[in-house]
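Participant: Have a look at the structure that comes next, please.
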Amino acid sequence: MSSDLIVELTPNDFDGKTLKKYKDKIVLVKFYTPWCGYCKRAEPGYKELARQYKNDKRVVIAKFDCDKYPEFIKDFNNFANGPTIPGYPTILLYINGALYKEPYNDKREVEDYMNFLNKFY
């Protein structure tokens with residue numbers, strides 16, 4: 001599920017629910033597990049999304065492997081105020097490092113992701 005265009009995040013990238021080093025970006029993060037069938041089906045659209053934004057310095061397309069860091073996900077879900085990771089994939093938006101109020105809940109095609117992201121320019 002890797003792609004050179006998709007940034008692989010770790011717990012070190014977060015401070016609670018804040019993305020530390022992306023304070024000047026729009027970041028879409030897919031929280032996934034490698035075994036999840038829904039995650040696998042969503043992967044082609046997500047990879048194409050990363051290709052579409054590869055030259056856009058304002059947007060980062062990222063992912064977080066929840067199987068690698070289960071304690072982080074448990075802690076993430078316990079923080080007050082904001083979305084949690086109830087299942088996989090869960091797609092969250094960060095604007096200037098801050099978690100957007102609601103998770104992405106639309107279709108998993110590249111055009112749908114782009115329409116959503118373009119609202120925040």
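Within each chain, counting starts at residue 1; across the structure tokens, chains are named A, B, ... in the order shown, with ligands numbered 1 upward in that order.
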Residues within 12 Å of Asp24 (chain A), please, as a CSV table (one decimal) with N, CA, C and O atoms, in the first residue's frame. Count only C-alpha atoms; anything in the same chain fewer than 5 positions from it doesn't count.
Facilitator:
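Okay, this is what ended up in out-v4.csv:
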chain,number,residue,atom,x,y,z
A,19,LEU,N,-1.1,18.0,13.9
A,19,LEU,CA,0.1,17.6,13.1
A,19,LEU,C,1.1,18.7,13.3
A,19,LEU,O,0.9,19.9,12.9
A,57,LYS,N,2.3,22.6,-3.5
A,57,LYS,CA,3.1,22.7,-2.2
A,57,LYS,C,2.2,23.0,-1.0
A,57,LYS,O,2.6,22.9,0.1
A,58,ARG,N,0.9,23.2,-1.2
A,58,ARG,CA,-0.1,23.5,-0.1
A,58,ARG,C,-0.7,22.3,0.4
A,58,ARG,O,-1.3,22.3,1.5
A,59,VAL,N,-0.7,21.2,-0.4
A,59,VAL,CA,-1.5,20.0,0.0
A,59,VAL,C,-0.5,18.8,0.2
A,59,VAL,O,0.4,18.6,-0.6
A,60,VAL,N,-0.8,18.0,1.2
A,60,VAL,CA,0.0,16.8,1.5
A,60,VAL,C,-1.1,15.7,1.6
A,60,VAL,O,-2.1,15.8,2.3
A,94,TYR,N,-6.5,17.9,8.1
A,94,TYR,CA,-5.8,18.8,8.9
A,94,TYR,C,-5.6,20.1,8.1
A,94,TYR,O,-5.1,20.0,7.0
A,95,ILE,N,-5.9,21.2,8.7
A,95,ILE,CA,-5.7,22.5,8.1
A,95,ILE,C,-4.7,23.3,9.0
A,95,ILE,O,-5.1,23.6,10.1
A,96,ASN,N,-3.6,23.6,8.4
A,96,ASN,CA,-2.5,24.4,9.2
A,96,ASN,C,-2.2,23.6,10.5
A,96,ASN,O,-2.0,24.3,11.6
A,97,GLY,N,-2.2,22.3,10.5
A,97,GLY,CA,-1.9,21.5,11.7
A,97,GLY,C,-3.0,21.2,12.6
A,97,GLY,O,-2.9,20.3,13.4
A,98,ALA,N,-4.2,21.8,12.4
A,98,ALA,CA,-5.3,21.6,13.3
A,98,ALA,C,-6.3,20.6,12.6
A,98,ALA,O,-6.6,20.7,11.4
A,121,TYR,N,-9.1,25.8,-0.1
A,121,TYR,CA,-8.0,26.7,-0.6
A,121,TYR,C,-8.3,28.1,-0.3
A,121,TYR,O,-9.4,28.6,-0.3
Participant: Tell me, as number ranges by chain, which residues lie within 7 Å of region 85-93 of chain A, counting only C-alpha atoms; anything in the same chain fewer than 5 positions away does not count.
Facilitator: A: 27-33, 36, 38-39, 77, 99-100, 103-104
Participant: Got time to write the residues from that selection, all heavy atoms, as a short mmCIF file (atom, residue, chain, number, x, y, z; two decimals), in the first residue's frame?
Facilitator:
data_model
loop_
_atom_site.label_atom_id
_atom_site.label_comp_id
_atom_site.auth_asym_id
_atom_site.auth_seq_id
_atom_site.Cartn_x
_atom_site.Cartn_y
_atom_site.Cartn_z
N VAL A 27 -3.66 18.89 4.87
CA VAL A 27 -3.19 17.51 4.89
C VAL A 27 -4.39 16.58 5.01
O VAL A 27 -5.18 16.70 5.95
CB VAL A 27 -2.22 17.25 6.06
CG1 VAL A 27 -1.66 15.84 5.99
CG2 VAL A 27 -1.09 18.28 6.06
N LEU A 28 -4.51 15.66 4.07
CA LEU A 28 -5.53 14.63 4.14
C LEU A 28 -4.83 13.35 4.60
O LEU A 28 -3.84 12.93 3.99
CB LEU A 28 -6.18 14.43 2.77
CG LEU A 28 -7.50 13.67 2.77
CD1 LEU A 28 -8.58 14.45 3.52
CD2 LEU A 28 -7.96 13.40 1.34
N VAL A 29 -5.32 12.76 5.69
CA VAL A 29 -4.68 11.58 6.27
C VAL A 29 -5.66 10.41 6.25
O VAL A 29 -6.76 10.50 6.79
CB VAL A 29 -4.22 11.83 7.72
CG1 VAL A 29 -3.53 10.58 8.28
CG2 VAL A 29 -3.31 13.03 7.81
N LYS A 30 -5.20 9.33 5.65
CA LYS A 30 -5.98 8.09 5.66
C LYS A 30 -5.43 7.20 6.77
O LYS A 30 -4.28 6.79 6.73
CB LYS A 30 -5.88 7.38 4.31
CG LYS A 30 -6.62 6.04 4.29
CD LYS A 30 -6.57 5.38 2.94
CE LYS A 30 -5.17 4.97 2.62
NZ LYS A 30 -5.05 4.17 1.40
N PHE A 31 -6.25 6.94 7.79
CA PHE A 31 -5.92 6.00 8.85
C PHE A 31 -6.42 4.64 8.37
O PHE A 31 -7.61 4.47 8.15
CB PHE A 31 -6.58 6.41 10.16
CG PHE A 31 -6.00 7.68 10.73
CD1 PHE A 31 -6.45 8.92 10.31
CD2 PHE A 31 -5.01 7.62 11.69
CE1 PHE A 31 -5.93 10.09 10.83
CE2 PHE A 31 -4.47 8.78 12.22
CZ PHE A 31 -4.92 10.02 11.79
N TYR A 32 -5.51 3.69 8.24
CA TYR A 32 -5.85 2.42 7.59
C TYR A 32 -5.15 1.25 8.28
O TYR A 32 -4.29 1.43 9.15
CB TYR A 32 -5.44 2.45 6.12
CG TYR A 32 -3.95 2.30 5.91
CD1 TYR A 32 -3.40 1.07 5.56
CD2 TYR A 32 -3.08 3.37 6.10
CE1 TYR A 32 -2.03 0.92 5.40
CE2 TYR A 32 -1.72 3.23 5.93
CZ TYR A 32 -1.20 2.00 5.59
OH TYR A 32 0.15 1.85 5.44
N THR A 33 -5.52 0.05 7.86
CA THR A 33 -4.79 -1.17 8.20
C THR A 33 -4.55 -1.92 6.90
O THR A 33 -5.40 -1.88 5.98
CB THR A 33 -5.57 -2.06 9.18
OG1 THR A 33 -6.79 -2.45 8.57
CG2 THR A 33 -5.84 -1.34 10.49
N CYS A 36 -7.41 -4.51 5.77
CA CYS A 36 -8.79 -4.04 5.60
C CYS A 36 -9.20 -4.02 4.12
O CYS A 36 -8.57 -3.36 3.30
CB CYS A 36 -8.92 -2.64 6.20
SG CYS A 36 -10.46 -1.80 5.80
N TYR A 38 -11.88 -2.63 2.77
CA TYR A 38 -12.31 -1.29 2.39
C TYR A 38 -11.11 -0.40 2.09
O TYR A 38 -11.13 0.41 1.17
CB TYR A 38 -13.16 -0.65 3.49
CG TYR A 38 -14.47 -1.34 3.74
CD1 TYR A 38 -14.70 -2.02 4.92
CD2 TYR A 38 -15.49 -1.32 2.78
CE1 TYR A 38 -15.90 -2.66 5.16
CE2 TYR A 38 -16.68 -1.96 3.00
CZ TYR A 38 -16.89 -2.64 4.19
OH TYR A 38 -18.08 -3.27 4.41
N CYS A 39 -10.06 -0.55 2.89
CA CYS A 39 -8.84 0.23 2.67
C CYS A 39 -8.21 -0.13 1.33
O CYS A 39 -7.76 0.75 0.59
CB CYS A 39 -7.83 -0.03 3.79
SG CYS A 39 -8.40 0.47 5.43
N ASN A 77 -8.03 8.33 20.12
CA ASN A 77 -9.49 8.24 20.30
C ASN A 77 -9.93 8.76 21.66
O ASN A 77 -11.08 9.14 21.82
CB ASN A 77 -9.97 6.81 20.10
CG ASN A 77 -9.99 6.41 18.65
OD1 ASN A 77 -10.05 7.26 17.76
ND2 ASN A 77 -9.93 5.12 18.39
N LEU A 99 -6.80 19.72 13.41
CA LEU A 99 -7.76 18.73 12.95
C LEU A 99 -9.08 19.39 12.59
O LEU A 99 -9.65 20.14 13.40
CB LEU A 99 -7.98 17.68 14.03
CG LEU A 99 -8.94 16.54 13.73
CD1 LEU A 99 -8.47 15.73 12.52
CD2 LEU A 99 -9.08 15.65 14.94
N TYR A 100 -9.56 19.14 11.38
CA TYR A 100 -10.86 19.66 10.94
C TYR A 100 -11.96 18.97 11.73
O TYR A 100 -11.83 17.82 12.14
CB TYR A 100 -11.01 19.42 9.43
CG TYR A 100 -12.26 19.99 8.83
CD1 TYR A 100 -12.48 21.36 8.81
CD2 TYR A 100 -13.22 19.16 8.29
CE1 TYR A 100 -13.64 21.88 8.24
CE2 TYR A 100 -14.37 19.67 7.71
CZ TYR A 100 -14.58 21.03 7.70
OH TYR A 100 -15.73 21.55 7.15
N PRO A 103 -14.72 14.09 9.96
CA PRO A 103 -13.98 13.25 9.02
C PRO A 103 -14.58 13.33 7.62
O PRO A 103 -15.73 13.73 7.43
CB PRO A 103 -14.13 11.84 9.59
CG PRO A 103 -15.32 11.90 10.47
CD PRO A 103 -15.48 13.33 10.93
N TYR A 104 -13.77 12.95 6.64
CA TYR A 104 -14.23 12.86 5.26
C TYR A 104 -15.15 11.65 5.16
O TYR A 104 -14.75 10.53 5.50
CB TYR A 104 -13.03 12.71 4.32
CG TYR A 104 -13.44 12.49 2.89
CD1 TYR A 104 -13.78 13.55 2.08
CD2 TYR A 104 -13.48 11.21 2.35
CE1 TYR A 104 -14.15 13.35 0.76
CE2 TYR A 104 -13.84 11.00 1.03
CZ TYR A 104 -14.18 12.08 0.24
OH TYR A 104 -14.55 11.87 -1.05
#
Participant: Of the residues A:Lys54, A:Asp112, A:Pro34, A:Glu43, which is the one nearest to Lys68 (chain A), using only C-alpha atoms?
Facilitator: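 Nearest candidate to Lys68 (chain A) out of A:Lys54, A:Asp112, A:Pro34, A:Glu43: A:Pro34.
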Participant: With DSSP run on the backbone, what are the helix (DSSP H, G or I) residues within chain A? I'd like them as number ranges by chain.
Facilitator: A: 11-13, 37-52, 70-78, 110-118
Participant: Pick out each residue of region 20-110 of chain A that DSSP on the backbone tags as strand (DSSP E or B); I need them as a ChimeraX atom specification.
Facilitator: /A:26-32,59-65,90-95,98-99,104
Participant: Save the residues we just selected, C-alpha atoms, as a tab-separated table (two decimals), in the first residue's frame?
Facilitator:
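Once everything was written out, this is selection-v5.tsv:
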chain	number	residue	atom	x	y	z
A	26	ILE	CA	-3.75	21.17	4.00
A	27	VAL	CA	-3.19	17.51	4.89
A	28	LEU	CA	-5.53	14.63	4.14
A	29	VAL	CA	-4.68	11.58	6.27
A	30	LYS	CA	-5.98	8.09	5.66
A	31	PHE	CA	-5.92	6.00	8.85
A	32	TYR	CA	-5.85	2.42	7.59
A	59	VAL	CA	-1.46	19.98	-0.04
A	60	VAL	CA	-0.04	16.81	1.52
A	61	ILE	CA	-1.63	13.41	0.98
A	62	ALA	CA	-0.69	11.14	3.87
A	63	LYS	CA	-1.50	7.83	5.52
A	64	PHE	CA	-1.11	6.27	8.94
A	65	ASP	CA	-0.82	2.50	9.45
A	90	THR	CA	-10.97	6.82	8.41
A	91	ILE	CA	-9.93	9.92	6.51
A	92	LEU	CA	-9.26	13.09	8.46
A	93	LEU	CA	-8.36	16.56	7.28
A	94	TYR	CA	-5.81	18.85	8.92
A	95	ILE	CA	-5.66	22.53	8.06
A	98	ALA	CA	-5.32	21.59	13.26
A	99	LEU	CA	-7.76	18.73	12.95
A	104	TYR	CA	-14.23	12.86	5.26
Participant: Please report the interatomic distance between CA of Asp75 (chain A) and CA of Lys17 (chain A) in Å with one decimal.
Facilitator: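 Going from CA of Asp75 (chain A) over to CA of Lys17 (chain A), I get 9.7 Å.
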Participant: What's the separation between CA of Gly45 (chain A) and CA of Gly16 (chain A), in Å to one decimal place?
Facilitator: 28.2 Å
Participant: Work out how far apart CA of Arg41 (chain A) and CA of Lys107 (chain A) are and give it in Å to one decimal.
Facilitator: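 Distance between the two atoms: 11.5 Å.
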Participant: Using only C-alpha atoms, determine which residues lie at most 12 Å from Asn12 (chain A), disregarding the query and same-chain residues fewer than 6 positions distant; provide the list as a list in words.
Facilitator: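 Here the qualifying residues turn out to be Thr18, Leu19, Lys20, Lys21, Phe64, Tyr69 and Phe72 of chain A.
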Participant: Mind writing the picked residues with N, CA and C atoms as a PDB file, in the first residue's frame?
Facilitator:
ATOM      1  N   THR A  18      -2.947  17.183  16.798  1.00  0.00           N
ATOM      2  CA  THR A  18      -2.364  18.218  15.950  1.00  0.00           C
ATOM      3  C   THR A  18      -1.192  17.645  15.165  1.00  0.00           C
ATOM      4  N   LEU A  19      -1.112  17.994  13.886  1.00  0.00           N
ATOM      5  CA  LEU A  19       0.053  17.620  13.077  1.00  0.00           C
ATOM      6  C   LEU A  19       1.120  18.686  13.274  1.00  0.00           C
ATOM      7  N   LYS A  20       2.254  18.307  13.808  1.00  0.00           N
ATOM      8  CA  LYS A  20       3.272  19.282  14.209  1.00  0.00           C
ATOM      9  C   LYS A  20       3.970  19.969  13.042  1.00  0.00           C
ATOM     10  N   LYS A  21       4.439  19.222  12.068  1.00  0.00           N
ATOM     11  CA  LYS A  21       5.293  19.846  11.048  1.00  0.00           C
ATOM     12  C   LYS A  21       4.550  20.314   9.799  1.00  0.00           C
ATOM     13  N   PHE A  64      -1.580   6.709   7.636  1.00  0.00           N
ATOM     14  CA  PHE A  64      -1.106   6.270   8.938  1.00  0.00           C
ATOM     15  C   PHE A  64      -1.529   4.824   9.125  1.00  0.00           C
ATOM     16  N   TYR A  69       0.767   1.062  15.163  1.00  0.00           N
ATOM     17  CA  TYR A  69       0.737   1.926  16.350  1.00  0.00           C
ATOM     18  C   TYR A  69      -0.616   1.861  17.066  1.00  0.00           C
ATOM     19  N   PHE A  72      -1.155   4.318  19.980  1.00  0.00           N
ATOM     20  CA  PHE A  72      -1.373   5.700  19.548  1.00  0.00           C
ATOM     21  C   PHE A  72      -2.833   5.915  19.171  1.00  0.00           C
TER      22      PHE A  72
END
Participant: Could you tell me which of A:Cys66, A:Glu71, A:Ala42, A:Phe76 comes closest to Tyr113 (chain A) if we count only C-alpha atoms?
Facilitator: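 For Tyr113 (chain A), the nearest of the given residues is A:Ala42.
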Participant: Ranking A:Phe14, A:Trp35, A:Tyr22, A:Tyr53 by minimum distance to Val110 (chain A) and counting only C-alpha atoms, which one comes first?
Facilitator: A:Tyr53
